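As structure tokens, the structure follows; a few thoughts come after it.
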Amino acid sequence: MNHTVAHATFPPSTHAGANRLILGRFILGALLCAALTATVLQILIDASVDNVASACIVLASSLSILLYMYWSQALKTHPLSVFVIFGFCLTCQLGALLAQTLYWTPLAYSLYDPIFTFGTLAFYQAIALAVHALYCYFSAPPGAKDSLVRGVLRSCGLYCTPSAATLWIMGAMGLFGSYIGGGHSVTNKFGDILRFLIWAPFLIPWYRHRGGDAYAIPKHTWTLLGLYAGVIFVMAIATNGRAVLFKGVLTVALLYLLQAMRSNEPIKRGAFVRLGFLALVAALAIQPLNMLVAAMGSARAVRGKVPPMEMITKTYDALRNPRALRASAEADRDTPLYLTAYDEVYLKNSMLGRFVETKFHDNAIHFGRAIVSDESKSRLWDVTIESFVAALPRQVLSALGIKLDKTEIRYSMGDYLFYLVKGGSLGSYRTGSVFGQGIALFGPLFPIVYAIVCLGIFNWLRLLTFSTEAGTVAVAAVAMINIWPLFQYGVTAESLDGLVGMIIRGFPQMIFVYCLALGVARCVLGDRYAQRELA
């Protein structure tokens, strides 16, 4: 029996009103208009050469991906991989343009070399787009006979539609993983690889919306989801995990965005009212959430050093003094760039700053370009190779006879790039950039390396989609659970070993853990109740 759900696309519209607005095209057109408007406003905000040139580069880069999705069939045939490239654009370029314009701030604010940074990001996005276009052209069409690997994954249940009970079991496994994870022992590492399952229950509303009555859910599911979200919220405060606060909501929001961008249906009556209401709610929530994120940031210095309840208390105390939080943020923003050795200040809104990666890329690219001596490059190569080796499981290292103490690598690539240029201690876990590291290591050859890496990523992402009986291409549940990290870091990462590590370990591990969780659910519930068949 083929347990699949045709939820990722809509069939072509058969409505008589053919001149009505098509949802997918409307969204892409709205983003195009927003990019054009923000670029014009940036000229009014700051007419300097750096700022205007940066805005124009971002506009050109944004137009390239939006028009690619508008004119090609990539969203229909290869939805996950093209959505990942769009995520690269939104989180590193277009998002910065829109957010800075919203707060009437120059796009080039607080960047070392804005033209070079945005030019570099646009260049590598163009490489990803070119590789994607070639990959789409030469890959097998949807509905083709399964390859051996795809056949194995199908038999393991990767393309099944999990039932609500199965998603709850996965969520429980994710909570357990979050509880035992976070350290350096084998048990801690096992917990870490289970963490992503914590978002599985947030797929229930999605499947319920797409499947209707065919996707039956228990009576009290919505109450349980509210309580579950509350548990995750408290856990995020207790562990000072700021990003955790939003991942559940972002998972559902990105799934609906992907569905809407692929839709051929006309916009239904009342859609604008609902979108306006959601926009109003989001606008009203931005400031309180921004203060909460700032309060968690102020308590970050004692993260891991105090008990969870004390962390909650410190966050609450900081939240009760919003004036001090605003003064601290303004002091950071008012400090000239040349007076600090390193900073991550870019957006006025701390919450939006969790989703825009521009400043991190600018820092890493700046320090990566400053590494010119052979000795520094040799040391960077040594650390890069060591990081690749450290990504391998301990069992593999033992089998190969490699002795490596992973606990000694307690720093990020951003740390090491900064260390090679400015000196100082390691261990601050500064966010790096695969582009800063790649430029320092490979120079003019890095575009070729990056193109090869993108090809490997696109192959994995293609395996996480499947053809339905309706003739559409759907996204597997395991990718839906991970839609936010894929969207944010699909074709970029903090380091080169992180990006390549996704190909050689990240994707296989993610699929294995998901299939393992599905197997546990089948043992508990029975095969009949572990998955649903939707029309």
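Note on naming: chains are A, B, ... as they come in the structure tokens, residues start from 1 per chain, ligands start from 1 in the order shown.
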A:Leu134 surroundings by only C-alpha atoms, 10 Å radius, close-in-sequence under 5 positions cut, as a ChimeraX atom specification
/A:129,139,455
Might you pull out every residue within 9 Å of A:Ile402, with only C-alpha atoms counted and same-chain residues fewer than 5 positions away left off, and present them as an mmCIF file with N, CA and C atoms, in the first residue's frame?
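Writing the result to around_24.cif gives the following:
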data_model
loop_
_atom_site.group_PDB
_atom_site.id
_atom_site.type_symbol
_atom_site.label_atom_id
_atom_site.label_comp_id
_atom_site.auth_asym_id
_atom_site.auth_seq_id
_atom_site.Cartn_x
_atom_site.Cartn_y
_atom_site.Cartn_z
ATOM 1 N N VAL A 389 37.724 15.562 10.546
ATOM 2 C CA VAL A 389 37.937 14.283 11.212
ATOM 3 C C VAL A 389 37.081 14.185 12.470
ATOM 4 N N VAL A 396 34.018 5.122 14.021
ATOM 5 C CA VAL A 396 34.765 5.201 12.761
ATOM 6 C C VAL A 396 36.210 5.590 13.032
ATOM 7 N N LEU A 397 36.414 6.556 13.943
ATOM 8 C CA LEU A 397 37.771 6.984 14.280
ATOM 9 C C LEU A 397 38.562 5.828 14.882
#
So the first atom is atom CA of A:Leu441 and the second is atom CA of A:Gln93; what is the distance between them in Å, to one decimal place?
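Computing the Euclidean distance for atom CA of A:Leu441 and atom CA of A:Gln93 yields 23.9 Å.
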Find the residues near A:Gly436: any atom within 12 Å, counting only C-alpha atoms, skip ones fewer than 3 places away on the same chain, and give them as a VMD selection string.
chain A and resid 116 to 117 120 to 121 124 360 to 371 380 413 to 414 416 to 418 431 to 433 439 to 443 446 492 to 496
d(atom CA of A:Ala521, atom CA of A:Gly171) in Å:
11.1 Å
Show me, as an mmCIF file with C-alpha atoms, in the first residue's frame, the residues that have an atom within 10 Å of A:Met173 when counting only C-alpha atoms, minus same-chain residues fewer than 3 positions from it.
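Final file, selection.cif:
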data_model
loop_
_atom_site.group_PDB
_atom_site.id
_atom_site.type_symbol
_atom_site.label_atom_id
_atom_site.label_comp_id
_atom_site.auth_asym_id
_atom_site.auth_seq_id
_atom_site.Cartn_x
_atom_site.Cartn_y
_atom_site.Cartn_z
ATOM 1 C CA LEU A 167 4.279 12.470 15.509
ATOM 2 C CA TRP A 168 3.599 12.633 19.257
ATOM 3 C CA ILE A 169 5.911 9.671 19.853
ATOM 4 C CA MET A 170 8.595 11.393 17.794
ATOM 5 C CA PHE A 176 14.051 13.198 25.770
ATOM 6 C CA GLY A 177 16.968 13.955 23.443
ATOM 7 C CA SER A 178 16.923 17.610 24.479
ATOM 8 C CA TYR A 179 16.988 16.564 28.131
ATOM 9 C CA GLY A 191 20.444 12.990 22.747
ATOM 10 C CA LEU A 194 17.294 13.076 18.579
ATOM 11 C CA ARG A 195 16.666 16.786 19.176
ATOM 12 C CA PHE A 196 15.153 17.616 15.784
ATOM 13 C CA LEU A 197 12.250 15.228 16.441
ATOM 14 C CA ILE A 198 10.942 17.685 19.038
ATOM 15 C CA ALA A 200 7.331 16.613 14.826
ATOM 16 C CA ALA A 517 11.655 6.807 15.344
ATOM 17 C CA VAL A 520 9.553 2.721 17.367
#
Counting only C-alpha atoms, what is within 7 Å of stretch 102-109 of chain A, bar same-chain residues fewer than 2 positions away, as a PDB file with N, CA and C atoms, in the first residue's frame?
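Generated file (result-v5.pdb):
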ATOM      1  N   GLN A  42      16.197  52.867   0.363  1.00  0.00           N
ATOM      2  CA  GLN A  42      17.576  52.892   0.841  1.00  0.00           C
ATOM      3  C   GLN A  42      18.346  54.080   0.263  1.00  0.00           C
ATOM      4  N   ILE A  45      17.441  56.831   2.503  1.00  0.00           N
ATOM      5  CA  ILE A  45      18.012  56.666   3.841  1.00  0.00           C
ATOM      6  C   ILE A  45      19.480  57.064   3.856  1.00  0.00           C
ATOM      7  N   ASP A  46      20.231  56.607   2.872  1.00  0.00           N
ATOM      8  CA  ASP A  46      21.672  56.882   2.805  1.00  0.00           C
ATOM      9  C   ASP A  46      22.102  56.779   1.344  1.00  0.00           C
ATOM     10  N   ASP A  50      28.575  53.199  -1.007  1.00  0.00           N
ATOM     11  CA  ASP A  50      28.542  51.874  -0.393  1.00  0.00           C
ATOM     12  C   ASP A  50      27.109  51.386  -0.194  1.00  0.00           C
ATOM     13  N   ASN A  51      26.254  52.254   0.326  1.00  0.00           N
ATOM     14  CA  ASN A  51      24.898  51.825   0.646  1.00  0.00           C
ATOM     15  C   ASN A  51      24.062  51.589  -0.613  1.00  0.00           C
ATOM     16  N   SER A  54      25.322  48.498  -2.464  1.00  0.00           N
ATOM     17  CA  SER A  54      24.928  47.291  -1.738  1.00  0.00           C
ATOM     18  C   SER A  54      23.460  46.961  -1.981  1.00  0.00           C
ATOM     19  N   ALA A  55      22.603  47.981  -1.911  1.00  0.00           N
ATOM     20  CA  ALA A  55      21.174  47.765  -2.142  1.00  0.00           C
ATOM     21  C   ALA A  55      20.911  47.254  -3.556  1.00  0.00           C
ATOM     22  N   ALA A  96      17.951  41.231   5.040  1.00  0.00           N
ATOM     23  CA  ALA A  96      18.677  42.400   5.553  1.00  0.00           C
ATOM     24  C   ALA A  96      18.147  43.683   4.923  1.00  0.00           C
ATOM     25  N   LEU A  97      17.900  43.650   3.615  1.00  0.00           N
ATOM     26  CA  LEU A  97      17.386  44.827   2.912  1.00  0.00           C
ATOM     27  C   LEU A  97      16.029  45.247   3.464  1.00  0.00           C
ATOM     28  N   LEU A  98      15.121  44.295   3.645  1.00  0.00           N
ATOM     29  CA  LEU A  98      13.781  44.615   4.127  1.00  0.00           C
ATOM     30  C   LEU A  98      13.805  45.061   5.589  1.00  0.00           C
ATOM     31  N   ALA A  99      14.565  44.349   6.430  1.00  0.00           N
ATOM     32  CA  ALA A  99      14.586  44.674   7.853  1.00  0.00           C
ATOM     33  C   ALA A  99      15.230  46.039   8.114  1.00  0.00           C
ATOM     34  N   GLN A 100      16.359  46.308   7.476  1.00  0.00           N
ATOM     35  CA  GLN A 100      17.018  47.592   7.683  1.00  0.00           C
ATOM     36  C   GLN A 100      16.166  48.744   7.151  1.00  0.00           C
ATOM     37  N   LEU A 111      28.849  47.205   8.666  1.00  0.00           N
ATOM     38  CA  LEU A 111      29.532  46.154   7.918  1.00  0.00           C
ATOM     39  C   LEU A 111      30.939  46.611   7.553  1.00  0.00           C
ATOM     40  N   PRO A 114      30.653  46.355   2.919  1.00  0.00           N
ATOM     41  CA  PRO A 114      29.329  45.921   2.471  1.00  0.00           C
ATOM     42  C   PRO A 114      29.265  45.535   0.999  1.00  0.00           C
ATOM     43  N   TYR A 346      23.918  44.500  14.218  1.00  0.00           N
ATOM     44  CA  TYR A 346      23.510  44.885  12.862  1.00  0.00           C
ATOM     45  C   TYR A 346      22.073  45.404  12.845  1.00  0.00           C
TER      46      TYR A 346
END
Residues within 12 Å of A:Gln287, only C-alpha atoms, excluding chain neighbours under 2 positions, as a list in words:
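Result of the neighbour search: Val281, Ala282, Ala283, Leu284, Ala285, Leu289, Asn290, Met291, Leu292, Val293, Ala294, Pro322, Arg326, Lys348, Asn349, Ser350, Met351 and Leu352 of chain A.
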